[in-house]
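File shown here: data.txt, holding compact mmCIF, C-alpha atoms and all ligand atoms.
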# COMPACT_ATOMS: atom_id res chain seq x y z
CA GLY A 1076 115.32 178.73 265.15
CA ALA A 1077 111.80 177.41 265.75
CA LYS A 1078 110.65 177.39 269.37
CA TRP A 1079 111.31 174.33 271.52
CA THR A 1080 110.67 173.67 275.18
CA TYR A 1081 111.49 171.08 277.83
CA THR A 1082 107.89 169.87 278.31
CA GLY A 1083 104.68 169.65 276.32
CA PRO A 1084 104.11 169.45 272.54
CA GLU A 1085 107.48 171.08 271.76
CA GLY A 1086 109.23 169.15 274.54
CA GLU A 1087 112.35 167.01 274.26
CA ASN A 1088 110.55 163.92 272.93
CA HIS A 1089 109.50 166.04 269.89
CA TRP A 1090 112.80 167.89 269.25
CA SER A 1091 113.86 165.38 266.56
CA GLU A 1092 110.78 166.30 264.48
CA HIS A 1093 112.42 169.62 263.60
CA TYR A 1094 116.04 168.91 264.63
CA PRO A 1095 117.06 165.48 263.31
CA TYR A 1096 120.37 165.29 265.20
CA CYS A 1097 118.36 165.27 268.47
CA GLY A 1098 117.26 161.73 267.51
CA GLY A 1099 120.75 160.69 266.44
CA ALA A 1100 123.86 159.21 268.03
CA PHE A 1101 126.39 160.70 270.45
CA GLN A 1102 123.73 162.67 272.32
CA SER A 1103 124.17 164.44 275.66
CA PRO A 1104 123.69 164.47 278.57
CA ILE A 1105 124.39 160.96 279.84
CA ASN A 1106 124.23 159.12 283.15
CA ILE A 1107 127.92 158.63 283.94
CA LYS A 1108 127.88 155.07 285.30
CA SER A 1109 130.87 153.20 286.72
CA GLU A 1110 130.72 150.47 284.07
CA LEU A 1111 131.34 153.07 281.32
CA LEU A 1112 134.52 154.42 282.93
CA ARG A 1113 138.08 153.88 281.75
CA PHE A 1114 141.06 155.54 283.42
CA ASP A 1115 143.18 157.45 280.89
CA PRO A 1116 146.63 158.48 282.21
CA THR A 1117 147.12 160.84 279.25
CA LEU A 1118 144.30 163.18 280.40
CA ARG A 1119 146.03 166.41 281.51
CA PRO A 1120 144.63 168.90 284.04
CA ILE A 1121 142.31 171.44 282.42
CA GLU A 1122 144.07 174.84 282.27
CA VAL A 1123 141.90 177.93 281.95
CA GLN A 1124 143.46 181.18 280.74
CA ASN A 1125 142.30 184.78 281.42
CA TYR A 1126 139.28 183.62 283.41
CA ASN A 1127 139.99 186.22 286.13
CA LEU A 1128 138.14 189.18 284.60
CA SER A 1129 138.51 192.72 285.92
CA PRO A 1130 135.38 194.45 287.32
CA LYS A 1131 136.24 197.23 284.82
CA GLU A 1132 135.17 194.75 282.14
CA GLN A 1133 131.41 194.47 281.40
CA LEU A 1134 129.76 191.11 280.72
CA THR A 1135 126.32 190.67 279.17
CA LEU A 1136 123.97 188.69 281.43
CA GLY A 1137 120.92 187.53 279.49
CA ASN A 1138 117.73 185.48 279.60
CA ASN A 1139 117.49 183.70 276.23
CA GLY A 1140 114.25 181.94 277.12
CA HIS A 1141 116.03 178.61 277.67
CA SER A 1142 118.61 179.55 280.26
CA VAL A 1143 120.43 182.40 281.94
CA GLN A 1144 123.65 183.03 280.04
CA ILE A 1145 126.75 185.15 280.42
CA SER A 1146 128.59 186.09 277.22
CA LEU A 1147 132.35 185.68 277.66
CA PRO A 1148 135.28 187.65 276.14
CA SER A 1149 137.37 185.82 273.54
CA LYS A 1150 140.56 186.32 275.55
CA MET A 1151 139.30 183.48 277.78
CA TYR A 1152 140.34 180.05 276.57
CA ILE A 1153 141.22 176.49 277.56
CA SER A 1154 144.76 175.27 276.99
CA GLY A 1155 145.95 171.72 277.47
CA LEU A 1156 143.63 170.22 274.84
CA PRO A 1157 145.08 169.26 271.42
CA GLN A 1158 143.80 172.60 270.12
CA ARG A 1159 142.88 175.95 271.71
CA TYR A 1160 139.21 176.30 272.65
CA THR A 1161 138.06 179.90 273.12
CA ALA A 1162 135.22 180.75 275.51
CA ALA A 1163 131.87 181.92 274.09
CA GLN A 1164 129.32 181.85 276.91
CA LEU A 1165 128.29 180.14 280.10
CA HIS A 1166 124.78 179.11 281.15
CA PHE A 1167 122.96 176.95 283.64
CA HIS A 1168 120.43 174.11 283.91
CA TRP A 1169 118.37 173.74 287.05
CA GLY A 1170 115.30 172.08 288.58
CA SER A 1171 112.49 173.93 290.35
CA SER A 1172 111.68 175.03 293.90
CA SER A 1173 109.59 171.87 294.37
CA ARG A 1174 112.13 169.59 292.62
CA PRO A 1175 115.67 170.83 293.42
CA THR A 1176 117.24 168.26 291.04
CA GLY A 1177 118.00 169.75 287.66
CA SER A 1178 121.48 168.77 286.52
CA GLU A 1179 121.78 167.32 283.01
CA HIS A 1180 124.58 164.86 283.64
CA MET A 1181 124.08 162.29 286.38
CA VAL A 1182 126.78 160.31 288.17
CA ASN A 1183 125.75 156.75 289.03
CA ASN A 1184 122.07 157.77 288.88
CA LYS A 1185 122.61 160.80 291.14
CA GLN A 1186 121.09 163.99 289.74
CA TYR A 1187 122.45 167.22 291.23
CA ALA A 1188 120.49 170.42 291.92
CA ALA A 1189 121.87 172.25 288.89
CA GLU A 1190 124.71 172.29 286.35
CA MET A 1191 126.85 175.02 284.81
CA HIS A 1192 128.24 174.81 281.27
CA VAL A 1193 131.09 176.94 279.98
CA VAL A 1194 130.91 176.71 276.17
CA HIS A 1195 134.11 177.04 274.08
CA PHE A 1196 134.81 176.65 270.35
CA ASN A 1197 137.92 175.34 268.56
CA SER A 1198 139.52 178.66 267.59
CA ASP A 1199 142.58 176.94 266.05
CA LYS A 1200 140.28 175.63 263.30
CA TYR A 1201 137.17 177.87 263.20
CA PRO A 1202 136.75 181.67 263.23
CA ASN A 1203 133.68 181.73 265.51
CA MET A 1204 131.00 179.69 267.30
CA SER A 1205 128.65 179.66 264.32
CA MET A 1206 131.27 177.99 262.10
CA ALA A 1207 132.30 175.57 264.87
CA VAL A 1208 128.92 174.59 266.35
CA ASP A 1209 128.16 171.75 263.88
CA LYS A 1210 131.71 170.35 263.44
CA SER A 1211 132.74 167.13 265.21
CA ASP A 1212 135.83 168.89 266.66
CA GLY A 1213 134.04 172.20 267.03
CA LEU A 1214 133.17 172.63 270.71
CA ALA A 1215 134.47 171.90 274.19
CA VAL A 1216 132.10 172.40 277.13
CA LEU A 1217 133.20 172.39 280.78
CA GLY A 1218 130.45 171.00 283.03
CA VAL A 1219 130.22 171.76 286.74
CA LEU A 1220 127.75 169.90 288.95
CA ILE A 1221 126.04 172.09 291.55
CA GLU A 1222 124.76 171.00 294.98
CA ILE A 1223 122.80 172.99 297.56
CA GLY A 1224 125.04 173.75 300.54
CA GLU A 1225 127.43 176.57 301.43
CA PHE A 1226 126.73 180.08 300.07
CA ASN A 1227 128.77 180.77 296.91
CA PRO A 1228 130.16 184.34 296.69
CA ALA A 1229 131.23 183.90 293.04
CA PHE A 1230 127.70 182.87 292.04
CA GLU A 1231 126.41 186.05 293.74
CA GLN A 1232 128.46 188.20 291.31
CA PHE A 1233 125.80 187.65 288.65
CA LEU A 1234 122.87 186.31 290.69
CA LYS A 1235 122.37 189.72 292.33
CA PHE A 1236 121.41 191.10 288.88
CA ILE A 1237 118.97 188.33 287.97
CA ASN A 1238 115.84 190.47 288.58
CA GLY A 1239 116.97 192.64 285.66
CA ILE A 1240 116.55 189.72 283.22
CA LYS A 1241 113.30 188.14 284.45
CA TYR A 1242 111.84 187.90 280.93
CA ARG A 1243 112.97 186.38 277.62
CA ASP A 1244 115.46 188.50 275.62
CA GLN A 1245 116.18 190.84 278.53
CA LYS A 1246 119.89 191.61 278.99
CA VAL A 1247 121.93 193.59 281.51
CA GLN A 1248 125.63 194.52 281.73
CA VAL A 1249 127.40 193.22 284.82
CA PRO A 1250 130.96 193.90 286.06
CA GLY A 1251 133.50 191.21 285.20
CA PHE A 1252 134.51 188.81 287.94
CA ASN A 1253 136.73 185.76 288.39
CA ILE A 1254 134.99 183.05 286.33
CA ARG A 1255 137.60 180.59 287.64
CA ALA A 1256 135.92 180.95 291.07
CA LEU A 1257 132.81 179.29 289.60
CA LEU A 1258 134.81 176.12 288.88
CA PRO A 1259 135.74 173.49 291.47
CA ALA A 1260 139.18 173.64 293.09
CA ARG A 1261 140.53 170.59 291.25
CA LEU A 1262 140.59 170.87 287.45
CA ASP A 1263 142.68 167.68 287.18
CA GLU A 1264 139.85 165.31 288.10
CA TYR A 1265 137.15 164.96 285.44
CA TYR A 1266 135.04 162.72 283.21
CA ARG A 1267 135.62 163.05 279.43
CA TYR A 1268 133.40 161.83 276.57
CA ASP A 1269 132.24 162.72 273.08
CA GLY A 1270 128.71 164.10 272.97
CA SER A 1271 126.41 166.82 271.75
CA LEU A 1272 124.68 170.07 272.47
CA THR A 1273 121.95 169.27 275.00
CA THR A 1274 119.52 171.64 273.26
CA PRO A 1275 118.36 171.77 269.66
CA PRO A 1276 119.97 171.50 267.15
CA CYS A 1277 121.76 168.81 269.29
CA TYR A 1278 124.83 168.77 267.00
CA PRO A 1279 127.23 165.93 268.01
CA SER A 1280 130.04 168.47 268.20
CA VAL A 1281 130.96 168.63 271.89
CA LEU A 1282 134.03 167.33 273.71
CA TRP A 1283 132.54 167.11 277.23
CA THR A 1284 134.59 167.62 280.38
CA ILE A 1285 132.54 167.11 283.55
CA PHE A 1286 134.52 167.88 286.71
CA ARG A 1287 134.49 165.14 289.35
CA ASN A 1288 133.94 167.60 292.21
CA HIS A 1289 130.78 169.67 292.52
CA ILE A 1290 130.46 173.23 293.72
CA THR A 1291 127.80 174.43 296.18
CA ILE A 1292 125.33 177.29 296.26
CA SER A 1293 123.01 178.12 299.17
CA ARG A 1294 119.34 177.13 299.17
CA LYS A 1295 118.48 180.82 298.88
CA GLN A 1296 120.74 181.16 295.83
CA PHE A 1297 119.21 178.05 294.26
CA LEU A 1298 115.65 179.34 294.86
CA SER A 1299 116.62 182.68 293.33
CA LEU A 1300 117.85 180.92 290.18
CA ALA A 1301 114.87 178.54 290.10
CA THR A 1302 112.10 181.10 290.72
CA ALA A 1303 113.25 184.45 289.28
CA LEU A 1304 113.04 183.81 285.56
CA TYR A 1305 110.39 183.40 282.87
CA SER A 1306 110.81 181.88 279.40
CA SER A 1307 108.10 184.26 278.12
CA HIS A 1308 108.51 187.88 277.04
CA ALA A 1309 107.61 190.70 279.47
CA GLN A 1310 104.61 191.71 277.33
CA ASP A 1311 103.18 188.16 277.02
CA SER A 1312 99.82 187.86 278.74
CA VAL A 1313 100.66 184.45 280.28
CA PRO A 1314 104.03 184.39 282.13
CA VAL A 1315 105.75 180.99 281.74
CA PRO A 1316 108.24 180.21 284.57
CA LEU A 1317 111.73 179.15 283.40
CA ASN A 1318 112.73 176.08 285.39
CA GLY A 1319 113.32 172.38 284.83
CA ASN A 1320 115.46 173.37 281.83
CA TYR A 1321 117.40 170.09 281.65
CA ARG A 1322 117.38 167.32 279.06
CA LYS A 1323 117.06 163.78 280.37
CA PRO A 1324 120.06 161.42 280.06
CA GLN A 1325 120.55 159.95 276.57
CA PRO A 1326 121.67 156.40 275.61
CA ALA A 1327 125.43 155.99 276.13
CA ASP A 1328 125.38 153.18 273.50
CA SER A 1329 128.95 151.90 273.12
CA ARG A 1330 130.56 155.12 274.36
CA VAL A 1331 133.32 154.94 276.96
CA VAL A 1332 133.72 157.72 279.52
CA LEU A 1333 137.38 158.45 280.14
CA VAL A 1334 138.40 159.48 283.66
CA SER A 1335 141.52 161.40 284.63
CA PHE A 1336 141.61 159.95 288.15
CA LYS A 1337 142.06 156.46 289.60
CA GLU A 1338 139.84 156.35 292.64
N1 LIG A 1401 124.03 172.50 277.14
S1 LIG A 1401 124.77 173.13 275.88
O1 LIG A 1401 124.71 172.18 274.79
O2 LIG A 1401 126.11 173.54 276.27
C1 LIG A 1401 123.90 174.58 275.41
C2 LIG A 1401 122.67 174.92 275.97
F1 LIG A 1401 122.05 174.12 276.84
C3 LIG A 1401 122.06 176.12 275.66
F2 LIG A 1401 120.87 176.43 276.23
C4 LIG A 1401 122.65 177.00 274.77
S2 LIG A 1401 121.90 178.53 274.49
O3 LIG A 1401 121.86 179.18 275.81
O4 LIG A 1401 122.59 179.25 273.49
C5 LIG A 1401 120.22 178.33 274.00
C6 LIG A 1401 120.01 177.37 272.92
O5 LIG A 1401 121.05 177.14 272.09
C7 LIG A 1401 123.85 176.64 274.15
N2 LIG A 1401 124.36 177.53 273.21
C8 LIG A 1401 125.45 177.26 272.32
C9 LIG A 1401 125.06 176.28 271.22
C10 LIG A 1401 124.12 176.93 270.25
C11 LIG A 1401 124.83 178.09 269.54
C12 LIG A 1401 125.64 178.92 270.43
C13 LIG A 1401 126.14 180.17 269.99
C14 LIG A 1401 126.90 180.98 270.82
C15 LIG A 1401 127.16 180.58 272.13
C16 LIG A 1401 126.68 179.37 272.60
C17 LIG A 1401 125.97 178.54 271.74
C18 LIG A 1401 124.48 175.44 274.50
F3 LIG A 1401 125.67 175.11 273.96
ZN ZN A 1402 124.13 173.49 278.84

Represent the structure contained in this file as structure tokens.
Amino acid sequence: GAKWTYTGPEGENHWSEHYPYCGGAFQSPINIKSELLRFDPTLRPIEVQNYNLSPKEQLTLGNNGHSVQISLPSKMYISGLPQRYTAAQLHFHWGSSSRPTGSEHMVNNKQYAAEMHVVHFNSDKYPNMSMAVDKSDGLAVLGVLIEIGEFNPAFEQFLKFINGIKYRDQKVQVPGFNIRALLPARLDEYYRYDGSLTTPPCYPSVLWTIFRNHITISRKQFLSLATALYSSHAQDSVPVPLNGNYRKPQPADSRVVLVSFKE
């Protein structure tokens, strides 16, 4: 689609000029505030299947100009939701070296250093992402909040290749690894709400699951993510750093955020 950015004349306040849904309802991310929460005892633990990938398997690590993404094999899926959601890709949102706060979702006004999204589509109803992406029951995204702290060995499994994808549209193959190790220990404690893609075209098609517990990466790992990449092509005369790639929180309106835990 047309180019869009996070700041400037094509920044998020202008997205709705070309992508009308971005100015619509049910937008993401949101600031998950206590007054929006309602405990729901029917919310089952998230179960991920086939997330433990063999190193014999190759994954495509890419810089798409908006984020760093890993394409995921279709044998990976989420069970425990009313329908099966098959994995498509995972990507990240982060701040910058000077502002290490770049998560999209906030919890009671707290913004984390970064956020990971594992994007899945409803494969019981739709043949692929493209057919699912604009349907109200099309997508399920797992969100993981990321803090700076302990070194994260799982994160290193792809981070060590990041200098091979410094520029837009660069891709490298990386050995498979256990994607489950990128998630927090507890998959039974999470926030759940109906929202949207957080980038254009902003379709209100996402069942969001944001885990209660964050993961950590080291400061060095964060700086590597926040300073290694450019949103511009290698041949462009002016290199544009890729950081601060997070949308600000959107109005919750009358939405309730369900929680799977009591306190
Ligand atoms: N935060 S978010 O809403 O989860 C989210 C992003 F922030 C994000 F940058 C991406 S992107 O990296 O593809 C760059 C811009 O679309 C996606 N892609 C999704 C939706 C678009 C179509 C598509 C097709 C195949 C695989 C994934 C996706 C995205 F879903
Ligand atoms: Zn995302």

Please return as a VMD selection string the residues found within 9 Å of ligand ZN 1402 (chain A), counting all atoms listed in the file.
chain A and resid 1142 1165 to 1168 1179 1190 to 1194 1216 1218 1272 to 1274 1321

For Val1208 (chain A), which residue among A:Val1182, A:Ala1162, A:Cys1277, A:Leu1147 is the nearest when counting only C-alpha atoms?
A:Cys1277

Hey, which of A:Lys1078, A:Thr1302, A:Ala1100, A:Val1143 ends up closest to Pro1326 (chain A)? Count all atoms listed in the file.
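With all atoms listed in the file as the atom set, the closest residue is A:Ala1100.
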
Counting only C-alpha atoms, note down every residue that has an atom within 12 Å of the point (122.4, 168.0, 274.4) (file coordinates), as number ranges by chain.
A: 1081, 1087, 1090-1091, 1094, 1096-1105, 1168, 1179-1180, 1192, 1216, 1269-1283, 1320-1326

Distance query Tyr1268 (chain A) at most 8 Å, all atoms listed in the file, self and fewer than 3 positions along chain excluded, as a compact mmCIF listing (two decimals) with C-alpha atoms, in the coordinates of the input:
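The new file result.txt reads:
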# COMPACT_ATOMS: atom_id res chain seq x y z
CA LEU A 1282 134.03 167.33 273.71
CA TRP A 1283 132.54 167.11 277.23
CA THR A 1284 134.59 167.62 280.38
CA ARG A 1330 130.56 155.12 274.36
CA VAL A 1331 133.32 154.94 276.96
CA VAL A 1332 133.72 157.72 279.52
CA LEU A 1333 137.38 158.45 280.14

Nearest to Tyr1266 (chain A), chosen from A:Asp1311, A:Glu1110, A:Glu1085, A:Asp1115, with all atoms listed in the file counted in the distances
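Nearest candidate to Tyr1266 (chain A) out of A:Asp1311, A:Glu1110, A:Glu1085, A:Asp1115: A:Asp1115.
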
I'd like to know which of A:Phe1230, A:Phe1236, A:Tyr1305, A:Trp1079 is closest to Arg1255 (chain A), using only C-alpha atoms.
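The answer is A:Phe1230, which sits nearest to Arg1255 (chain A).
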
Counting all atoms listed in the file, which of A:Glu1338, A:Val1123, A:Trp1169, A:Thr1135 gets nearest to Ile1254 (chain A)?
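Looking only at the distances to Ile1254 (chain A), the closest residue turns out to be A:Val1123.
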
Write out as an mmCIF file with C-alpha atoms, in the frame of the given file the residues lying within 8 Å of Pro1130 (chain A), counting all atoms listed in the file and excluding same-chain residues fewer than 5 positions away.
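Result file follows (part_37.cif):
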data_model
loop_
_atom_site.group_PDB
_atom_site.id
_atom_site.type_symbol
_atom_site.label_atom_id
_atom_site.label_comp_id
_atom_site.auth_asym_id
_atom_site.auth_seq_id
_atom_site.Cartn_x
_atom_site.Cartn_y
_atom_site.Cartn_z
ATOM 1 C CA PRO A 1250 130.960 193.900 286.060
ATOM 2 C CA GLY A 1251 133.500 191.210 285.200
ATOM 3 C CA PHE A 1252 134.510 188.810 287.940
#

Could you check the closest approach to Gly1137 (chain A) for each of A:Leu1118, A:Leu1234, A:Ile1285, A:Leu1258 and tell me which residue wins, using all atoms listed in the file?
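Closest candidate: A:Leu1234.
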
Test item: residues at most 8 Å from Asp1244 (chain A), only C-alpha atoms, excluding those fewer than 5 positions along its chain, as a count of residues only:
5

The distance between CA of Gly1155 (chain A) and CA of Tyr1187 (chain A) is 27.6 Å

Find the axis-aligned box for region 1311-1320 of chain A, covering all its listed atoms and adding 3 Å on each side, and write its centre and edge lengths in Å to one decimal as JSON.
{"center_x": 107.6, "center_y": 180.3, "center_z": 281.2, "size_x": 21.6, "size_y": 21.8, "size_z": 14.4}

Who sits within 12 Å of Val1315 (chain A), all atoms listed in the file, same chain under 5 positions skipped, as an mmCIF file with C-alpha atoms, in the frame of the given file:
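So part-v7.cif came out as:
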data_model
loop_
_atom_site.group_PDB
_atom_site.id
_atom_site.type_symbol
_atom_site.label_atom_id
_atom_site.label_comp_id
_atom_site.auth_asym_id
_atom_site.auth_seq_id
_atom_site.Cartn_x
_atom_site.Cartn_y
_atom_site.Cartn_z
ATOM 1 C CA THR A 1080 110.670 173.670 275.180
ATOM 2 C CA THR A 1082 107.890 169.870 278.310
ATOM 3 C CA GLY A 1140 114.250 181.940 277.120
ATOM 4 C CA HIS A 1141 116.030 178.610 277.670
ATOM 5 C CA LYS A 1241 113.300 188.140 284.450
ATOM 6 C CA TYR A 1242 111.840 187.900 280.930
ATOM 7 C CA ARG A 1243 112.970 186.380 277.620
ATOM 8 C CA THR A 1302 112.100 181.100 290.720
ATOM 9 C CA ALA A 1303 113.250 184.450 289.280
ATOM 10 C CA LEU A 1304 113.040 183.810 285.560
ATOM 11 C CA TYR A 1305 110.390 183.400 282.870
ATOM 12 C CA SER A 1306 110.810 181.880 279.400
ATOM 13 C CA SER A 1307 108.100 184.260 278.120
ATOM 14 C CA HIS A 1308 108.510 187.880 277.040
ATOM 15 C CA ALA A 1309 107.610 190.700 279.470
ATOM 16 C CA GLN A 1310 104.610 191.710 277.330
#

For a cut-off of 9 Å around (142.4, 165.9, 283.4), file coordinates, pick out all residues using all atoms listed in the file and list them as a compact mmCIF listing (two decimals) with C-alpha atoms, in the coordinates of the input.
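See point-v1.txt below for the written result:
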# COMPACT_ATOMS: atom_id res chain seq x y z
CA ASP A 1115 143.18 157.45 280.89
CA PRO A 1116 146.63 158.48 282.21
CA THR A 1117 147.12 160.84 279.25
CA LEU A 1118 144.30 163.18 280.40
CA ARG A 1119 146.03 166.41 281.51
CA PRO A 1120 144.63 168.90 284.04
CA ILE A 1121 142.31 171.44 282.42
CA LEU A 1262 140.59 170.87 287.45
CA ASP A 1263 142.68 167.68 287.18
CA GLU A 1264 139.85 165.31 288.10
CA TYR A 1265 137.15 164.96 285.44
CA TYR A 1266 135.04 162.72 283.21
CA ARG A 1267 135.62 163.05 279.43
CA THR A 1284 134.59 167.62 280.38
CA PHE A 1286 134.52 167.88 286.71
CA VAL A 1334 138.40 159.48 283.66
CA SER A 1335 141.52 161.40 284.63
CA PHE A 1336 141.61 159.95 288.15

Between atom F2 of ligand LIG 1401 (chain A) and CA of Asn1125 (chain A), what distance in Å does the model show, to one decimal?
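A separation of 23.6 Å between them.
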
Length of the CA of Ser1171 (chain A) to CA of His1195 (chain A) vector [Å]:
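Distance reported for this atom pair: 27.2 Å.
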
Fix up region 1298-1307 of chain A with all heavy atoms, then write it as a CSV table (one decimal), keeping the file's coordinate frame.
chain,number,residue,atom,x,y,z
A,1298,LEU,N,117.0,178.9,295.1
A,1298,LEU,CA,115.6,179.3,294.9
A,1298,LEU,C,115.6,180.6,294.0
A,1298,LEU,O,114.7,180.8,293.2
A,1298,LEU,CB,115.0,179.6,296.2
A,1298,LEU,CG,114.7,178.3,297.0
A,1298,LEU,CD1,114.2,178.6,298.4
A,1298,LEU,CD2,113.7,177.4,296.2
A,1299,SER,N,116.6,181.5,294.2
A,1299,SER,CA,116.6,182.7,293.3
A,1299,SER,C,116.7,182.3,291.9
A,1299,SER,O,116.0,182.8,291.0
A,1299,SER,CB,117.8,183.5,293.8
A,1299,SER,OG,118.0,184.6,292.9
A,1300,LEU,N,117.7,181.4,291.6
A,1300,LEU,CA,117.8,180.9,290.2
A,1300,LEU,C,116.6,180.2,289.7
A,1300,LEU,O,116.1,180.5,288.5
A,1300,LEU,CB,119.0,180.0,290.1
A,1300,LEU,CG,119.4,179.4,288.8
A,1300,LEU,CD1,119.9,180.4,287.8
A,1300,LEU,CD2,120.5,178.3,288.9
A,1301,ALA,N,116.0,179.4,290.5
A,1301,ALA,CA,114.9,178.5,290.1
A,1301,ALA,C,113.5,179.3,290.0
A,1301,ALA,O,112.6,178.7,289.4
A,1301,ALA,CB,114.8,177.3,291.0
A,1302,THR,N,113.4,180.5,290.7
A,1302,THR,CA,112.1,181.1,290.7
A,1302,THR,C,112.1,182.5,290.1
A,1302,THR,O,111.0,183.1,290.0
A,1302,THR,CB,111.6,181.2,292.2
A,1302,THR,OG1,112.6,182.1,292.9
A,1302,THR,CG2,111.5,179.9,292.9
A,1303,ALA,N,113.2,183.0,289.7
A,1303,ALA,CA,113.2,184.4,289.3
A,1303,ALA,C,112.9,184.6,287.8
A,1303,ALA,O,112.4,185.7,287.4
A,1303,ALA,CB,114.7,185.0,289.5
A,1304,LEU,N,113.1,183.6,287.0
A,1304,LEU,CA,113.0,183.8,285.6
A,1304,LEU,C,111.8,183.2,284.9
A,1304,LEU,O,111.2,182.3,285.4
A,1304,LEU,CB,114.3,183.2,284.9
A,1304,LEU,CG,115.6,183.6,285.5
A,1304,LEU,CD1,116.8,182.9,284.8
A,1304,LEU,CD2,115.8,185.1,285.3
A,1305,TYR,N,111.5,183.9,283.7
A,1305,TYR,CA,110.4,183.4,282.9
A,1305,TYR,C,110.9,183.2,281.5
A,1305,TYR,O,111.9,183.8,281.0
A,1305,TYR,CB,109.3,184.5,282.8
A,1305,TYR,CG,108.6,184.7,284.1
A,1305,TYR,CD1,109.1,185.7,285.0
A,1305,TYR,CD2,107.6,183.9,284.6
A,1305,TYR,CE1,108.5,185.9,286.3
A,1305,TYR,CE2,107.0,184.0,285.8
A,1305,TYR,CZ,107.4,185.0,286.7
A,1305,TYR,OH,106.9,185.2,287.9
A,1306,SER,N,110.4,182.2,280.8
A,1306,SER,CA,110.8,181.9,279.4
A,1306,SER,C,110.0,182.7,278.4
A,1306,SER,O,110.2,182.7,277.2
A,1306,SER,CB,110.6,180.4,279.1
A,1306,SER,OG,109.3,180.0,279.2
A,1307,SER,N,109.0,183.4,279.0
A,1307,SER,CA,108.1,184.3,278.1
A,1307,SER,C,108.6,185.7,278.1
A,1307,SER,O,109.3,186.1,279.0
A,1307,SER,CB,106.7,184.2,278.7
A,1307,SER,OG,106.7,184.4,280.1
